[in-house]
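Trainee: You'll find my_file-v6.json just under this line, and it carries JSON, C-alpha atoms.
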```json
[["chain", "number", "residue", "atom", "x", "y", "z"],
["R", 1, "MET", "CA", -58.89, -31.59, 11.18],
["R", 2, "THR", "CA", -61.86, -33.93, 11.50],
["R", 3, "THR", "CA", -64.42, -34.69, 14.13],
["R", 4, "VAL", "CA", -64.80, -38.25, 15.36],
["R", 5, "THR", "CA", -66.85, -39.80, 18.14],
["R", 6, "LEU", "CA", -64.85, -41.37, 20.96],
["R", 7, "ALA", "CA", -66.56, -42.98, 23.94],
["R", 8, "GLY", "CA", -69.79, -41.38, 22.81],
["R", 9, "THR", "CA", -68.42, -37.82, 22.61],
["R", 10, "PRO", "CA", -67.48, -35.92, 19.44],
["R", 11, "VAL", "CA", -63.86, -34.69, 19.53],
["R", 12, "GLU", "CA", -61.50, -32.96, 17.10],
["R", 13, "VAL", "CA", -58.57, -35.04, 15.85],
["R", 14, "ASP", "CA", -55.83, -34.59, 13.24],
["R", 15, "ASP", "CA", -55.24, -36.86, 10.21],
["R", 16, "GLU", "CA", -53.56, -39.49, 12.37],
["R", 17, "GLY", "CA", -56.23, -39.44, 15.07],
["R", 18, "PHE", "CA", -54.43, -37.34, 17.70],
["R", 19, "LEU", "CA", -56.75, -35.20, 19.83],
["R", 20, "GLN", "CA", -56.26, -31.50, 19.20],
["R", 21, "LYS", "CA", -57.83, -30.33, 22.44],
["R", 22, "PRO", "CA", -56.40, -32.26, 25.41],
["R", 23, "GLU", "CA", -59.21, -30.94, 27.63],
["R", 24, "GLN", "CA", -61.76, -32.95, 25.62],
["R", 25, "TRP", "CA", -60.05, -36.18, 26.66],
["R", 26, "THR", "CA", -61.36, -38.82, 29.07],
["R", 27, "ARG", "CA", -59.81, -42.12, 30.19],
["R", 28, "GLU", "CA", -62.59, -43.99, 28.40],
["R", 29, "MET", "CA", -61.52, -42.34, 25.14],
["R", 30, "GLY", "CA", -57.97, -43.46, 25.90],
["R", 31, "GLU", "CA", -59.12, -47.04, 26.32],
["R", 32, "GLU", "CA", -61.02, -46.90, 23.06],
["R", 33, "MET", "CA", -58.03, -45.47, 21.17],
["R", 34, "ALA", "CA", -55.77, -48.12, 22.72],
["R", 35, "ARG", "CA", -58.05, -50.88, 21.45],
["R", 36, "SER", "CA", -58.04, -49.48, 17.92],
["R", 37, "ALA", "CA", -54.23, -49.29, 18.13],
["R", 38, "GLY", "CA", -54.12, -52.99, 18.95],
["R", 39, "ILE", "CA", -53.70, -52.77, 22.76],
["R", 40, "GLU", "CA", -56.60, -54.77, 24.19],
["R", 41, "LYS", "CA", -56.19, -53.89, 27.84],
["R", 42, "LEU", "CA", -54.35, -50.94, 29.35],
["R", 43, "THR", "CA", -52.46, -52.06, 32.47],
["R", 44, "GLU", "CA", -51.14, -49.99, 35.38],
["R", 45, "ARG", "CA", -47.79, -49.80, 33.57],
["R", 46, "HIS", "CA", -49.44, -48.45, 30.41],
["R", 47, "TRP", "CA", -51.23, -45.81, 32.46],
["R", 48, "GLN", "CA", -48.03, -44.83, 34.20],
["R", 49, "VAL", "CA", -46.54, -43.92, 30.81],
["R", 50, "ILE", "CA", -49.72, -42.32, 29.46],
["R", 51, "ASP", "CA", -50.22, -40.19, 32.58],
["R", 52, "PHE", "CA", -46.56, -39.14, 32.50],
["R", 53, "MET", "CA", -46.82, -38.08, 28.84],
["R", 54, "ARG", "CA", -50.01, -36.17, 29.46],
["R", 55, "LYS", "CA", -48.77, -34.47, 32.61],
["R", 56, "THR", "CA", -45.50, -33.41, 30.95],
["R", 57, "TYR", "CA", -47.40, -32.01, 27.99],
["R", 58, "LEU", "CA", -49.88, -30.11, 30.13],
["R", 59, "ASP", "CA", -47.12, -28.76, 32.41],
["R", 60, "THR", "CA", -44.57, -27.80, 29.78],
["R", 61, "GLY", "CA", -46.45, -27.52, 26.49],
["R", 62, "ALA", "CA", -44.37, -30.26, 24.87],
["R", 63, "ALA", "CA", -44.38, -34.05, 25.07],
["R", 64, "PRO", "CA", -41.18, -35.59, 26.50],
["R", 65, "SER", "CA", -38.52, -37.04, 24.19],
["R", 66, "MET", "CA", -38.07, -40.79, 24.01],
["R", 67, "ARG", "CA", -34.89, -40.41, 26.03],
["R", 68, "ALA", "CA", -36.67, -38.43, 28.76],
["R", 69, "LEU", "CA", -39.53, -40.90, 28.74],
["R", 70, "GLY", "CA", -37.12, -43.79, 29.33],
["R", 71, "LYS", "CA", -35.26, -41.93, 32.06],
["R", 72, "THR", "CA", -37.99, -40.23, 34.02],
["R", 73, "SER", "CA", -41.32, -42.00, 33.51],
["R", 74, "GLY", "CA", -40.26, -44.91, 35.73],
["R", 75, "VAL", "CA", -40.56, -47.31, 32.79],
["R", 76, "ALA", "CA", -37.32, -48.18, 30.95],
["R", 77, "ILE", "CA", -37.02, -48.12, 27.15],
["R", 78, "LYS", "CA", -37.17, -51.90, 26.76],
["R", 79, "GLU", "CA", -40.43, -52.16, 28.65],
["R", 80, "LEU", "CA", -41.83, -49.08, 26.90],
["R", 81, "TYR", "CA", -41.57, -50.94, 23.60],
["R", 82, "GLU", "CA", -43.10, -54.06, 25.11],
["R", 83, "LEU", "CA", -46.06, -52.00, 26.29],
["R", 84, "PHE", "CA", -46.38, -49.97, 23.08],
["R", 85, "PRO", "CA", -44.75, -51.95, 20.27],
["R", 86, "LYS", "CA", -45.84, -49.49, 17.58],
["R", 87, "GLY", "CA", -43.95, -46.58, 19.14],
["R", 88, "PRO", "CA", -44.23, -45.69, 22.86],
["R", 89, "ALA", "CA", -44.08, -41.89, 22.70],
["R", 90, "LYS", "CA", -46.43, -41.66, 19.75],
["R", 91, "LEU", "CA", -48.98, -44.16, 21.06],
["R", 92, "ALA", "CA", -48.95, -42.97, 24.65],
["R", 93, "ALA", "CA", -49.51, -39.41, 23.40],
["R", 94, "LYS", "CA", -52.40, -40.52, 21.25],
["R", 95, "ILE", "CA", -54.03, -42.57, 23.99],
["R", 96, "GLY", "CA", -53.40, -39.77, 26.49],
["R", 97, "GLY", "CA", -55.20, -37.28, 24.29],
["R", 98, "ILE", "CA", -52.33, -34.90, 23.52],
["R", 99, "PRO", "CA", -50.97, -33.86, 20.09],
["R", 100, "LYS", "CA", -48.36, -35.99, 18.35],
["R", 101, "PRO", "CA", -44.86, -35.43, 19.84],
["R", 102, "ARG", "CA", -42.70, -33.25, 17.58],
["R", 103, "GLY", "CA", -39.27, -34.35, 18.82],
["R", 104, "CYS", "CA", -36.76, -36.36, 16.76],
["R", 105, "VAL", "CA", -35.39, -38.45, 19.62],
["N", 1, "MET", "CA", -51.89, -47.35, 4.98],
["N", 2, "ALA", "CA", -50.29, -49.06, 2.01],
["N", 3, "ASP", "CA", -47.75, -46.26, 1.65],
["N", 4, "SER", "CA", -46.21, -46.54, 5.09],
["N", 5, "ILE", "CA", -42.62, -47.73, 5.61],
["N", 6, "GLU", "CA", -42.46, -50.96, 7.62],
["N", 7, "LYS", "CA", -38.73, -51.62, 7.70],
["N", 8, "VAL", "CA", -35.46, -49.70, 7.22],
["N", 9, "SER", "CA", -31.86, -50.87, 6.99],
["N", 10, "ILE", "CA", -29.40, -48.09, 7.68],
["N", 11, "VAL", "CA", -25.74, -48.30, 6.69],
["N", 12, "ILE", "CA", -23.37, -46.22, 8.82],
["N", 13, "SER", "CA", -20.04, -45.89, 7.03],
["N", 14, "LYS", "CA", -18.48, -42.78, 8.58],
["N", 15, "GLY", "CA", -16.49, -42.57, 11.79],
["N", 16, "SER", "CA", -16.87, -38.90, 12.70],
["N", 17, "LEU", "CA", -19.45, -37.64, 15.17],
["N", 18, "GLU", "CA", -21.31, -35.68, 12.48],
["N", 19, "GLY", "CA", -21.08, -38.74, 10.27],
["N", 20, "VAL", "CA", -22.60, -41.23, 12.70],
["N", 21, "TYR", "CA", -25.39, -39.24, 14.33],
["N", 22, "PRO", "CA", -27.70, -38.96, 11.32],
["N", 23, "GLY", "CA", -27.87, -42.74, 11.00],
["N", 24, "LEU", "CA", -28.37, -43.21, 14.73],
["N", 25, "ILE", "CA", -31.13, -40.61, 14.82],
["N", 26, "MET", "CA", -32.85, -42.18, 11.83],
["N", 27, "GLY", "CA", -32.58, -45.65, 13.31],
["N", 28, "ASN", "CA", -33.95, -44.60, 16.66],
["N", 29, "GLY", "CA", -36.59, -42.48, 14.95],
["N", 30, "ALA", "CA", -37.72, -45.48, 12.94],
["N", 31, "ARG", "CA", -38.29, -47.48, 16.12],
["N", 32, "MET", "CA", -40.19, -44.52, 17.62],
["N", 33, "GLU", "CA", -42.59, -44.81, 14.68],
["N", 34, "GLY", "CA", -42.90, -48.55, 15.13],
["N", 35, "ILE", "CA", -40.74, -49.21, 12.05],
["N", 36, "GLU", "CA", -38.39, -52.21, 12.15],
["N", 37, "ALA", "CA", -34.77, -50.97, 12.10],
["N", 38, "ASN", "CA", -31.50, -52.69, 11.20],
["N", 39, "LEU", "CA", -28.22, -50.78, 11.55],
["N", 40, "PHE", "CA", -25.22, -52.00, 9.61],
["N", 41, "PHE", "CA", -21.82, -50.59, 10.58],
["N", 42, "THR", "CA", -19.13, -50.63, 7.95],
["N", 43, "PHE", "CA", -15.64, -49.13, 7.39],
["N", 44, "PHE", "CA", -15.01, -46.26, 9.84],
["N", 45, "GLY", "CA", -18.61, -46.55, 10.98],
["N", 46, "LEU", "CA", -17.48, -49.68, 12.80],
["N", 47, "ASP", "CA", -15.90, -47.40, 15.43],
["N", 48, "VAL", "CA", -19.40, -46.80, 16.79],
["N", 49, "ILE", "CA", -19.75, -50.38, 17.95],
["N", 50, "ARG", "CA", -16.12, -50.99, 18.94],
["N", 51, "LYS", "CA", -15.68, -51.20, 22.71],
["N", 52, "ASP", "CA", -12.38, -49.29, 22.52],
["N", 53, "ARG", "CA", -13.65, -46.50, 20.26],
["N", 54, "ILE", "CA", -17.33, -45.91, 21.02],
["N", 55, "ASP", "CA", -16.54, -43.16, 23.53],
["N", 56, "LYS", "CA", -13.88, -41.55, 21.34],
["N", 57, "ILE", "CA", -15.87, -40.46, 18.31],
["N", 58, "LYS", "CA", -15.03, -36.89, 17.33],
["N", 59, "VAL", "CA", -16.17, -34.11, 15.05],
["N", 60, "GLY", "CA", -14.01, -33.84, 11.93],
["N", 61, "THR", "CA", -12.52, -30.34, 11.93],
["N", 62, "VAL", "CA", -10.10, -30.74, 9.02],
["N", 63, "GLY", "CA", -11.33, -30.61, 5.44],
["N", 64, "ASN", "CA", -14.89, -30.15, 6.65],
["N", 65, "PRO", "CA", -16.46, -27.12, 4.91],
["N", 66, "GLY", "CA", -19.43, -27.40, 7.27],
["N", 67, "MET", "CA", -17.23, -26.18, 10.12],
["N", 68, "HIS", "CA", -16.89, -22.78, 8.40],
["N", 69, "MET", "CA", -13.31, -22.33, 9.52],
["N", 70, "PRO", "CA", -10.01, -22.45, 7.62],
["N", 71, "THR", "CA", -8.54, -25.94, 7.46],
["N", 72, "TRP", "CA", -5.35, -24.80, 9.23],
["N", 73, "ILE", "CA", -7.39, -23.71, 12.25],
["N", 74, "GLY", "CA", -9.15, -27.07, 12.28],
["N", 75, "ALA", "CA", -5.72, -28.70, 12.38],
["N", 76, "ILE", "CA", -4.62, -26.96, 15.60],
["N", 77, "PRO", "CA", -4.21, -29.62, 18.32],
["N", 78, "GLY", "CA", -7.31, -29.79, 20.51],
["N", 79, "MET", "CA", -9.65, -28.27, 17.91],
["N", 80, "SER", "CA", -11.47, -31.53, 17.23],
["N", 81, "TRP", "CA", -11.76, -32.16, 20.97],
["N", 82, "LEU", "CA", -13.22, -28.69, 21.46],
["N", 83, "ALA", "CA", -15.66, -28.95, 18.56],
["N", 84, "THR", "CA", -16.78, -32.36, 19.84],
["N", 85, "LYS", "CA", -17.33, -30.99, 23.31],
["N", 86, "MET", "CA", -19.36, -28.08, 22.00],
["N", 87, "MET", "CA", -21.48, -30.19, 19.69],
["N", 88, "SER", "CA", -22.10, -32.81, 22.38],
["N", 89, "ARG", "CA", -23.26, -30.11, 24.77],
["N", 90, "GLN", "CA", -25.68, -28.71, 22.19],
["N", 91, "MET", "CA", -27.04, -32.15, 21.42],
["N", 92, "ASP", "CA", -27.51, -33.01, 25.07],
["N", 93, "LYS", "CA", -29.65, -29.88, 25.38],
["N", 94, "ILE", "CA", -32.09, -31.23, 22.82],
["N", 95, "ASP", "CA", -31.95, -34.68, 24.41],
["N", 96, "ILE", "CA", -29.77, -36.41, 21.82],
["N", 97, "PRO", "CA", -27.71, -38.85, 23.91],
["N", 98, "PRO", "CA", -23.96, -39.56, 23.66],
["N", 99, "VAL", "CA", -23.07, -42.38, 21.23],
["N", 100, "ARG", "CA", -22.84, -45.17, 23.81],
["N", 101, "GLU", "CA", -26.18, -44.30, 25.38],
["N", 102, "PHE", "CA", -27.73, -43.93, 21.92],
["N", 103, "ILE", "CA", -26.58, -47.43, 20.96],
["N", 104, "GLU", "CA", -28.07, -48.85, 24.17],
["N", 105, "MET", "CA", -31.28, -46.94, 23.52],
["N", 106, "ILE", "CA", -31.61, -48.25, 19.94],
["N", 107, "ALA", "CA", -30.91, -51.84, 21.05],
["N", 108, "ASP", "CA", -33.43, -51.55, 23.91],
["N", 109, "SER", "CA", -35.94, -50.21, 21.41],
["N", 110, "GLY", "CA", -35.61, -53.41, 19.41],
["N", 111, "GLY", "CA", -33.32, -51.98, 16.72],
["N", 112, "LYS", "CA", -30.78, -54.55, 15.53],
["N", 113, "LEU", "CA", -27.07, -53.78, 15.18],
["N", 114, "TYR", "CA", -24.72, -55.58, 12.79],
["N", 115, "ALA", "CA", -21.04, -55.36, 11.89],
["N", 116, "CYS", "CA", -19.77, -55.60, 8.32],
["N", 117, "GLN", "CA", -17.80, -58.77, 7.57],
["N", 118, "ALA", "CA", -15.37, -57.17, 5.13],
["N", 119, "THR", "CA", -14.39, -54.46, 7.62],
["N", 120, "VAL", "CA", -14.09, -56.97, 10.46],
["N", 121, "ASP", "CA", -11.71, -59.02, 8.29],
["N", 122, "MET", "CA", -9.79, -55.94, 7.21],
["N", 123, "TYR", "CA", -9.07, -54.89, 10.80],
["N", 124, "GLY", "CA", -8.74, -58.44, 12.12],
["N", 125, "LEU", "CA", -11.57, -57.98, 14.64],
["N", 126, "SER", "CA", -13.95, -60.44, 16.30],
["N", 127, "MET", "CA", -17.26, -60.21, 18.22],
["N", 128, "ASP", "CA", -15.19, -59.69, 21.41],
["N", 129, "ASP", "CA", -14.18, -56.27, 20.13],
["N", 130, "PHE", "CA", -17.76, -55.05, 19.95],
["N", 131, "VAL", "CA", -20.23, -53.70, 22.47],
["N", 132, "PRO", "CA", -22.68, -56.37, 23.66],
["N", 133, "GLN", "CA", -25.60, -54.85, 21.71],
["N", 134, "VAL", "CA", -24.17, -56.09, 18.40],
["N", 135, "GLU", "CA", -26.14, -59.09, 17.11],
["N", 136, "LYS", "CA", -23.64, -60.52, 14.65],
["N", 137, "VAL", "CA", -21.24, -59.96, 11.78],
["N", 138, "LEU", "CA", -22.94, -59.97, 8.38],
["N", 139, "THR", "CA", -21.66, -60.33, 4.84],
["N", 140, "VAL", "CA", -23.06, -57.91, 2.31],
["N", 141, "GLY", "CA", -25.20, -60.71, 0.91],
["N", 142, "GLU", "CA", -26.69, -61.43, 4.32],
["N", 143, "PHE", "CA", -27.31, -57.71, 4.76],
["N", 144, "TYR", "CA", -29.38, -57.62, 1.57],
["N", 145, "GLU", "CA", -31.26, -60.72, 2.64],
["N", 146, "LEU", "CA", -32.05, -59.09, 5.96],
["N", 147, "SER", "CA", -33.11, -55.88, 4.24],
["N", 148, "ALA", "CA", -35.50, -57.55, 1.82],
["N", 149, "GLY", "CA", -38.83, -55.81, 1.60],
["N", 150, "GLY", "CA", -37.59, -52.66, 3.35],
["N", 151, "GLU", "CA", -35.80, -49.42, 2.56],
["N", 152, "ILE", "CA", -32.01, -49.15, 2.56],
["N", 153, "ILE", "CA", -30.45, -45.88, 3.68],
["N", 154, "PHE", "CA", -26.72, -45.23, 3.25],
["N", 155, "THR", "CA", -25.03, -42.69, 5.49]]
```
Turn this file's structure into structure tokens for me.
Mentor:
Amino acid sequence: MTTVTLAGTPVEVDDEGFLQKPEQWTREMGEEMARSAGIEKLTERHWQVIDFMRKTYLDTGAAPSMRALGKTSGVAIKELYELFPKGPAKLAAKIGGIPKPRGCV
Amino acid sequence: MADSIEKVSIVISKGSLEGVYPGLIMGNGARMEGIEANLFFTFFGLDVIRKDRIDKIKVGTVGNPGMHMPTWIGAIPGMSWLATKMMSRQMDKIDIPPVREFIEMIADSGGKLYACQATVDMYGLSMDDFVPQVEKVLTVGEFYELSAGGEIIFT
């Protein structure tokens, strides 16, 4: 566990940079993390996925599976990978300030 | 991150449900991590991408010590059907999709699917026999070429 400064605020992250306390998160931090992950500008579609991930995590205590993300976020799998080429579930979780998803699918 | 895996090529050679899922899960999981994934279907594994067999993949109940039941019970008609039904239900609970949906999911994720030339020749098949997600038929040499610089996983 290390402390880094995101959007001017110190936050706790794990080795891969996932926020450990979702309540510390702000949208500005999300934008900063997106840029360091190679996504210059977060569009409405990106936010739809990020908000869905975050909401599911906060409501249920677990991030959705890739299958659930493709079926229920309103963004299909193909587009998910266009938006987040380096792994939609993983990246959207990181940008949305929740821990790394633990699921295998 | 010099130690990270950038590409995997997964060979799926078995035709039973328990034989094909590990490779499918690893292929899909690779894409989830942003890793390039090639899936190569060979021998009985070819059933996974055959239009006429993709929905008929079953758990092997005979000669499978993992089932923890005597072989003669596994041989009773309907046993394999029952075991398949039970396993599929369990997998659906943890969001592992049925084979056809899994193949669509992997292809939509950017994973590439290939059929093995030798097996295609052996069964006298052509691209028409495969689901549309299959890219092409590859010889073993082409498979190695495609896999260059990545990890090869045999299942």
Trainee: For the point (-49.9, -46.4, 31.1) in the file's frame, write as a list in words all residues with an atom no more than 10 Å away, counting all atoms listed in the file.
Mentor: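 Those residues, ordered by chain and then number, are Leu42, Thr43, Glu44, Arg45, His46, Trp47, Gln48, Val49, Ile50, Asp51, Phe52, Met53, Ser73, Val75, Leu80, Leu83, Phe84, Ala92, Ile95 and Gly96 of chain R.
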Trainee: Identify, on the basis of all atoms listed in the file, every residue whose closest approach to N:Phe40 does not exceed 7 Å; exclude the query and any residue fewer than 2 positions from it along the same chain; express the result as a list of chain:residue names.
Mentor: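 Residues near the query, excluding close chain neighbours: N:Ile10, N:Val11, N:Ile12, N:Asn38, N:Thr42, N:Leu113, N:Tyr114, N:Ala115, N:Cys116.
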Trainee: For the residues in that selection, give me C-alpha atoms as an mmCIF file, in the coordinates of the input.
Mentor:
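File part.cif, as written:
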```
data_model
loop_
_atom_site.group_PDB
_atom_site.id
_atom_site.type_symbol
_atom_site.label_atom_id
_atom_site.label_comp_id
_atom_site.auth_asym_id
_atom_site.auth_seq_id
_atom_site.Cartn_x
_atom_site.Cartn_y
_atom_site.Cartn_z
ATOM 1 C CA ILE N 10 -29.400 -48.090 7.680
ATOM 2 C CA VAL N 11 -25.740 -48.300 6.690
ATOM 3 C CA ILE N 12 -23.370 -46.220 8.820
ATOM 4 C CA ASN N 38 -31.500 -52.690 11.200
ATOM 5 C CA THR N 42 -19.130 -50.630 7.950
ATOM 6 C CA LEU N 113 -27.070 -53.780 15.180
ATOM 7 C CA TYR N 114 -24.720 -55.580 12.790
ATOM 8 C CA ALA N 115 -21.040 -55.360 11.890
ATOM 9 C CA CYS N 116 -19.770 -55.600 8.320
#
```
Trainee: Which residues are near stretch 119-135 of chain N? Cut-off 12 Å, all atoms listed in the file, ignore same chain within fewer than 2 positions. Put them as number ranges by chain.
Mentor: N: 13, 38-55, 99-117, 137-140
Trainee: Compile the contact shell of stretch 2-4 of chain R as a ChimeraX atom specification: residues with an atom at most 8 Å away, counting only C-alpha atoms, same-chain residues fewer than 5 positions apart removed.
Mentor: /R:10-15
Trainee: Could you list the residues in chain N lying within 8 Å of chain R, using all atoms listed in the file, and format the result as an MDAnalysis selection string?
Mentor: chainID N and resid 25 28:29 31:35 95:97 105 108:110
Trainee: Of the candidates N:Ala118, N:Leu24, N:Ala148, N:Val59, which shows the shortest atom-to-atom distance to N:Lys85, using all atoms listed in the file?
Mentor: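 When distances to N:Lys85 are compared using all atoms listed in the file, the smallest one comes from N:Val59.
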Trainee: From the set R:Lys41, R:Leu58, R:Leu6, R:Leu69, which residue has the shortest atom-to-atom contact distance to R:Met29, counting all atoms listed in the file?
Mentor: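 Closest to R:Met29, using all atoms listed in the file: R:Leu6.
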Trainee: One decimal, in Å: what's the spacing between atom CA of N:Lys14 and atom CA of N:Ile94?
Mentor: 22.8 Å
Trainee: Write out as a ChimeraX atom specification each polymer residue whose atoms come within 12 Å of stretch 73-80 of chain N, counting all atoms listed in the file; drop sequence neighbours fewer than 3 positions from it.
Mentor: /N:16-18,56-70,83-88
Trainee: Give me, please, the distance in Å between atom CA of R:Gly97 and atom CA of R:Gly17, quoted to one decimal.
Mentor: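 Calculated distance between atom CA of R:Gly97 and atom CA of R:Gly17 is 9.5 Å.
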Trainee: Could you state the separation of atom CA of R:Lys21 and atom CA of R:Pro99 in Å, given to one decimal place?
Mentor: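 So the answer is 8.1 Å.
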Trainee: Return stretch 31-39 of chain N, completed with all heavy atoms, as a PDB file, in the frame of the given file.
Mentor:
```pdb
ATOM      1  N   ARG N  31     -37.690 -46.706  15.037  1.00  0.00           N
ATOM      2  CA  ARG N  31     -38.290 -47.480  16.120  1.00  0.00           C
ATOM      3  C   ARG N  31     -39.386 -46.680  16.822  1.00  0.00           C
ATOM      4  O   ARG N  31     -40.409 -47.229  17.208  1.00  0.00           O
ATOM      5  CB  ARG N  31     -37.216 -47.916  17.131  1.00  0.00           C
ATOM      6  CG  ARG N  31     -36.220 -48.942  16.627  1.00  0.00           C
ATOM      7  CD  ARG N  31     -36.906 -50.217  16.131  1.00  0.00           C
ATOM      8  NE  ARG N  31     -37.726 -50.833  17.145  1.00  0.00           N
ATOM      9  CZ  ARG N  31     -38.962 -51.283  16.953  1.00  0.00           C
ATOM     10  NH1 ARG N  31     -39.546 -51.176  15.777  1.00  0.00           N
ATOM     11  NH2 ARG N  31     -39.636 -51.824  17.931  1.00  0.00           N
ATOM     12  N   MET N  32     -39.174 -45.374  16.979  1.00  0.00           N
ATOM     13  CA  MET N  32     -40.190 -44.520  17.620  1.00  0.00           C
ATOM     14  C   MET N  32     -41.496 -44.528  16.837  1.00  0.00           C
ATOM     15  O   MET N  32     -42.559 -44.290  17.393  1.00  0.00           O
ATOM     16  CB  MET N  32     -39.664 -43.084  17.751  1.00  0.00           C
ATOM     17  CG  MET N  32     -38.671 -42.907  18.877  1.00  0.00           C
ATOM     18  SD  MET N  32     -37.867 -41.293  18.814  1.00  0.00           S
ATOM     19  CE  MET N  32     -39.252 -40.197  19.055  1.00  0.00           C
ATOM     20  N   GLU N  33     -41.395 -44.758  15.526  1.00  0.00           N
ATOM     21  CA  GLU N  33     -42.590 -44.810  14.680  1.00  0.00           C
ATOM     22  C   GLU N  33     -43.106 -46.238  14.525  1.00  0.00           C
ATOM     23  O   GLU N  33     -43.996 -46.495  13.718  1.00  0.00           O
ATOM     24  CB  GLU N  33     -42.284 -44.218  13.307  1.00  0.00           C
ATOM     25  CG  GLU N  33     -42.029 -42.723  13.310  1.00  0.00           C
ATOM     26  CD  GLU N  33     -43.273 -41.909  13.685  1.00  0.00           C
ATOM     27  OE1 GLU N  33     -44.369 -42.236  13.219  1.00  0.00           O
ATOM     28  OE2 GLU N  33     -43.123 -40.958  14.464  1.00  0.00           O
ATOM     29  N   GLY N  34     -42.477 -47.158  15.241  1.00  0.00           N
ATOM     30  CA  GLY N  34     -42.900 -48.550  15.130  1.00  0.00           C
ATOM     31  C   GLY N  34     -42.366 -49.245  13.890  1.00  0.00           C
ATOM     32  O   GLY N  34     -42.855 -50.290  13.487  1.00  0.00           O
ATOM     33  N   ILE N  35     -41.348 -48.635  13.262  1.00  0.00           N
ATOM     34  CA  ILE N  35     -40.740 -49.210  12.050  1.00  0.00           C
ATOM     35  C   ILE N  35     -39.583 -50.115  12.470  1.00  0.00           C
ATOM     36  O   ILE N  35     -38.787 -49.744  13.338  1.00  0.00           O
ATOM     37  CB  ILE N  35     -40.234 -48.080  11.121  1.00  0.00           C
ATOM     38  CG1 ILE N  35     -41.414 -47.203  10.658  1.00  0.00           C
ATOM     39  CG2 ILE N  35     -39.451 -48.632   9.942  1.00  0.00           C
ATOM     40  CD1 ILE N  35     -40.995 -45.898   9.980  1.00  0.00           C
ATOM     41  N   GLU N  36     -39.495 -51.292  11.869  1.00  0.00           N
ATOM     42  CA  GLU N  36     -38.390 -52.210  12.150  1.00  0.00           C
ATOM     43  C   GLU N  36     -37.088 -51.550  11.681  1.00  0.00           C
ATOM     44  O   GLU N  36     -37.049 -50.976  10.592  1.00  0.00           O
ATOM     45  CB  GLU N  36     -38.656 -53.504  11.357  1.00  0.00           C
ATOM     46  CG  GLU N  36     -37.753 -54.647  11.697  1.00  0.00           C
ATOM     47  CD  GLU N  36     -38.026 -55.859  10.788  1.00  0.00           C
ATOM     48  OE1 GLU N  36     -39.178 -56.058  10.339  1.00  0.00           O
ATOM     49  OE2 GLU N  36     -37.059 -56.595  10.527  1.00  0.00           O
ATOM     50  N   ALA N  37     -36.020 -51.636  12.480  1.00  0.00           N
ATOM     51  CA  ALA N  37     -34.770 -50.970  12.100  1.00  0.00           C
ATOM     52  C   ALA N  37     -33.556 -51.877  12.249  1.00  0.00           C
ATOM     53  O   ALA N  37     -33.353 -52.490  13.291  1.00  0.00           O
ATOM     54  CB  ALA N  37     -34.573 -49.701  12.933  1.00  0.00           C
ATOM     55  N   ASN N  38     -32.769 -51.978  11.163  1.00  0.00           N
ATOM     56  CA  ASN N  38     -31.500 -52.690  11.200  1.00  0.00           C
ATOM     57  C   ASN N  38     -30.397 -51.676  10.934  1.00  0.00           C
ATOM     58  O   ASN N  38     -30.489 -50.895   9.992  1.00  0.00           O
ATOM     59  CB  ASN N  38     -31.438 -53.735  10.086  1.00  0.00           C
ATOM     60  CG  ASN N  38     -32.494 -54.792  10.266  1.00  0.00           C
ATOM     61  OD1 ASN N  38     -32.633 -55.370  11.326  1.00  0.00           O
ATOM     62  ND2 ASN N  38     -33.260 -55.041   9.215  1.00  0.00           N
ATOM     63  N   LEU N  39     -29.353 -51.678  11.775  1.00  0.00           N
ATOM     64  CA  LEU N  39     -28.220 -50.780  11.550  1.00  0.00           C
ATOM     65  C   LEU N  39     -26.991 -51.600  11.229  1.00  0.00           C
ATOM     66  O   LEU N  39     -26.660 -52.546  11.954  1.00  0.00           O
ATOM     67  CB  LEU N  39     -27.977 -49.904  12.792  1.00  0.00           C
ATOM     68  CG  LEU N  39     -28.841 -48.644  12.893  1.00  0.00           C
ATOM     69  CD1 LEU N  39     -30.291 -48.992  13.222  1.00  0.00           C
ATOM     70  CD2 LEU N  39     -28.309 -47.702  13.966  1.00  0.00           C
TER      71      LEU N  39
END
```
